[in-house]
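**Q** The structure is given below, and queries will be raised subsequently.
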Amino acid sequence: MIIKVLLTIVFLAVMIGVGLYTRKQASSVDGFVLGGRAVGPWLTAFAFGTSYFSAVVFVGYAGQFGWKYGLSSTWIGVGNAVIGSWLAWVLLGRRTKLMTQHIESRTMPDFFGTRFADQGLRVAASIIAFVFLIPYTAGVYKGISTLFEMGFGIPYEYCVVIMAILTAVYVILGGYKATAMNDFIQGIIMLFGIVAIIVAVLNAQGGLAAAVDKLALLPSDADPAVNGGFASWFGPDPWGLLGVVVLTSLGTMGLPQMVGKFYSITDESAIKRGTIISTIFAFIVAGGCYFLGGFGRLYDPVIVNGKIAFDSIVPAMLVTLPDVLIALVVLLVLSASMSTLASLVLTSSSTMTLDLIYRDKKALPGEVEEGSIDDIVAEKIERRKVVVMRVLIMFFIAISLLIALNPPTFIAQLMGISWGALAGAFLAPFMLGLYWRGVTTTAVWACFVWGVGLTVVNMLLGNPINPINCGAIAMVGGFPVVCLVSLITKKMSAKTVDSIFECYDK
């Protein structure tokens, strides 16, 4: 217990120290939200990866999908690395950096409003982000409860309150730069932690070969007479596995807190290096998490109301580890959770401040601004915006904390559909808006309705479509929606579009 407590205290002290160190760089809006658009490849890549993989992945998804698909669940981690990391950086990195800097966009809703010349899109996107990011934040708190209680014997309520306060402190102090620097430290802990834990768990089962042999002897859920499905290449349900890969991999390209990382990176050469770093990080962390979860059936899960408590599977695998490794597990989950929380609350607060409260009308590239204000007044407004964002960070953390402490029954479902709703609404218009001049404003509205409407209606009807598959359908279906509607609706002004796309010619 002394080892666990000391390691945790050192970890938390470093997090706060980074916040104090970076506080001077967070005095302006660009500094607070984007790190001055001068964050290097290592910090950006680790910030992307640690925001991607939280306790929800390590505890919830790895346990649930490992139980359902066995070793083939490792393909989810591979998909996260190849599609969710490498492809996301290749398709979005350079174009997002150049276009958002050209049109002076600081958030994803701001991008929609300026790129498609409709401030209504900016408001709608900020509301969608707010509605679906807050429950996701609450779900991250919930994801660490079992492991904290296992490692320290501290009640869940105390754990989430302490973590919320500490996360708020370093984000409020240092903004995005503090978040990125802490993400780098937390990412290193996650890399070493997942490797050490996999080695320890496999050794406890007699080695990799012995563990795989044990899995091969287990009967399939669908047909108890058939063995070996959980140790096969594509598992007992390949199509269901594909739906999970699509949802958890494509989703990163349409989530505000993920795409925002490309706004802040220094330059194009940094994007190339960041692509490699982020992909390797995802292979190790995501691949390791799902590979570990694939051995979940070798342990006895907790049964609640006649159903398996999937969140208990990974903790059951870890509870027999030595104390030092359990301390490492706690730090790993803390790292994964705090990095994701910091990204979520910073995204939520900046979106509400810049896209709803201080929704300034901006001139498009090539247009002349109507009127101007002197530098002193502009500086005062900038400082006021930063203050409002800091206040809203506390507000968002308080709301998500209340939900996490008193979770209604639908929160788990809402957590499951949040990626589908956000990425279903944002992915297609954002990506196509970076490449295709012909995307219309009406098409973006149609995709917003499609993504949110499909996932919410499915939930209200009792999920006739599995929420995972529904989310995948929402994401993929957004592309034909945007393309078809764009072909039959009024085009944007050619002059406006040309002025926006000229950033790629420089």
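Each chain in the structure tokens gets a letter, A, B, ..., in the order shown, and its residues are numbered from 1; ligands are numbered from 1 in order too.
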Considering only C-alpha atoms, tabulate each residue of segment 172-243 of chain A that lies at most 10 Å from segment 24-44 of chain A along with its nearest interatomic pair and the corresponding distance in Å to one decimal; arrange the rows by chain and ascending residue number and present them as a Markdown table.
**A**
| residue | atom | partner | partner_atom | distance |
| --- | --- | --- | --- | --- |
| A:Ile172 | CA | A:Phe32 | CA | 8.9 |
| A:Leu173 | CA | A:Ala26 | CA | 7.5 |
| A:Gly174 | CA | A:Ala26 | CA | 5.5 |
| A:Gly175 | CA | A:Phe32 | CA | 4.5 |
| A:Tyr176 | CA | A:Val33 | CA | 5.4 |
| A:Lys177 | CA | A:Gly35 | CA | 4.9 |
| A:Ala178 | CA | A:Gly35 | CA | 8.6 |
| A:Thr179 | CA | A:Leu43 | CA | 9.4 |
| A:Ala180 | CA | A:Leu43 | CA | 5.6 |
| A:Met181 | CA | A:Leu43 | CA | 6.2 |
| A:Asn182 | CA | A:Leu43 | CA | 8.9 |
| A:Asp183 | CA | A:Leu43 | CA | 7.3 |
| A:Phe184 | CA | A:Leu43 | CA | 5.7 |
| A:Ile185 | CA | A:Leu43 | CA | 9.3 |
| A:Gly187 | CA | A:Leu43 | CA | 9.7 |
**Q** Taking a cut-off of 12 Å and counting only C-alpha atoms, can you build a table that, for each residue of segment 36-118 of chain A near segment 238-255 of chain A, reports the nearest atom pair and how far apart they are in Å (one decimal), sorted by chain then residue number, as a tab-separated table?
**A**
residue	atom	partner	partner_atom	distance
A:Phe48	CA	A:Thr252	CA	9.3
A:Gly49	CA	A:Thr252	CA	10.2
A:Ser51	CA	A:Thr252	CA	9.8
A:Tyr52	CA	A:Thr252	CA	7.4
A:Phe53	CA	A:Thr248	CA	10.2
A:Val56	CA	A:Thr248	CA	11.8
A:Val57	CA	A:Thr248	CA	9.7
A:Tyr61	CA	A:Val244	CA	9.8
A:Ala62	CA	A:Val244	CA	11.4
A:Gln64	CA	A:Val244	CA	11.3
A:Phe65	CA	A:Leu241	CA	8.4
A:Gly66	CA	A:Leu241	CA	10.4
A:Trp67	CA	A:Leu241	CA	11.9
A:Lys68	CA	A:Leu241	CA	9.0
A:Tyr69	CA	A:Leu241	CA	7.2
A:Gly70	CA	A:Leu241	CA	10.4
A:Leu71	CA	A:Leu241	CA	11.3
A:Ser72	CA	A:Leu241	CA	8.1
A:Ser73	CA	A:Leu241	CA	7.2
A:Thr74	CA	A:Val245	CA	9.9
A:Trp75	CA	A:Val245	CA	7.3
A:Ile76	CA	A:Val245	CA	4.9
A:Gly77	CA	A:Val245	CA	8.1
A:Val78	CA	A:Val245	CA	8.6
A:Gly79	CA	A:Val245	CA	5.8
A:Asn80	CA	A:Ser249	CA	4.6
A:Ala81	CA	A:Ser249	CA	7.9
A:Val82	CA	A:Ser249	CA	8.2
A:Ile83	CA	A:Ser249	CA	5.5
A:Gly84	CA	A:Ser249	CA	4.2
A:Ser85	CA	A:Ser249	CA	7.9
A:Trp86	CA	A:Ser249	CA	10.3
A:Leu87	CA	A:Met253	CA	9.0
A:Ala88	CA	A:Met253	CA	5.9
A:Trp89	CA	A:Met253	CA	8.9
A:Val90	CA	A:Met253	CA	10.9
A:Leu91	CA	A:Met253	CA	9.0
A:Leu92	CA	A:Met253	CA	7.7
A:Gly93	CA	A:Met253	CA	10.1
A:Thr96	CA	A:Met253	CA	10.9
A:Thr107	CA	A:Leu255	CA	11.1
A:Met108	CA	A:Leu255	CA	8.7
A:Pro109	CA	A:Leu255	CA	11.0
**Q** Do you know which residues are at most 7 Å from Asp311 of chain A counting only C-alpha atoms, after dropping those on the same chain fewer than 6 positions away, and could you put them as a list in words?
**A**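 In the requested form, the answer reads Val59, Gly60 and Gly63 of chain A.
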**Q** Env of Thr489 of chain A: 9 Å cut, atoms = only C-alpha atoms, seq-sep filter 5 positions within chain, self excluded. Answer as a compact mmCIF listing (two decimals) with all heavy atoms, in the first residue's frame.
**A**
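As a result, selection-v4.txt now contains:
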# COMPACT_ATOMS: atom_id res chain seq x y z
N THR A 440 -22.10 21.22 -49.88
CA THR A 440 -23.00 22.35 -49.66
C THR A 440 -23.37 22.48 -48.18
O THR A 440 -23.27 21.52 -47.41
CB THR A 440 -24.29 22.20 -50.47
OG1 THR A 440 -25.03 21.05 -50.00
CG2 THR A 440 -23.98 22.03 -51.95
N THR A 441 -23.84 23.66 -47.82
CA THR A 441 -24.25 23.90 -46.44
C THR A 441 -25.41 23.00 -46.05
O THR A 441 -25.46 22.45 -44.95
CB THR A 441 -24.67 25.38 -46.27
OG1 THR A 441 -23.57 26.21 -46.67
CG2 THR A 441 -25.03 25.69 -44.83
N THR A 442 -26.36 22.81 -46.98
CA THR A 442 -27.52 21.95 -46.72
C THR A 442 -27.09 20.51 -46.45
O THR A 442 -27.67 19.82 -45.60
CB THR A 442 -28.49 21.98 -47.92
OG1 THR A 442 -28.84 23.33 -48.21
CG2 THR A 442 -29.75 21.20 -47.62
N ALA A 443 -26.05 20.05 -47.16
CA ALA A 443 -25.56 18.68 -46.97
C ALA A 443 -25.00 18.49 -45.56
O ALA A 443 -25.16 17.41 -44.96
CB ALA A 443 -24.49 18.36 -48.01
N LEU A 484 -24.82 12.93 -51.86
CA LEU A 484 -26.08 13.01 -52.58
C LEU A 484 -26.76 14.36 -52.40
O LEU A 484 -27.23 14.97 -53.36
CB LEU A 484 -27.01 11.88 -52.14
CG LEU A 484 -26.59 10.46 -52.55
CD1 LEU A 484 -27.50 9.41 -51.91
CD2 LEU A 484 -26.61 10.32 -54.07
**Q** Near Asp221 of chain A, counting only C-alpha atoms, which residues have an atom at most 10 Å away, once you skip same-chain residues fewer than 6 positions from it, shown as a list in words?
**A**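 So the residues in contact are Lys68, Asn227, Gly229, Phe230 and Pro236 of chain A.
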**Q** Using only C-alpha atoms, determine which residues lie at most 9 Å from Ile127 of chain A, disregarding the query and same-chain residues fewer than 5 positions distant; provide the list as a list in words.
**A**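 Residues meeting the cut-off are Arg122, Phe132, Thr351, Met352 and Leu356 of chain A.
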**Q** Can you check which residues of segment 284-361 of chain A DSSP gives as helix (DSSP H, G or I) on the backbone and send them as number ranges by chain?
**A** A: 284-293, 296-298, 310-318, 323-357
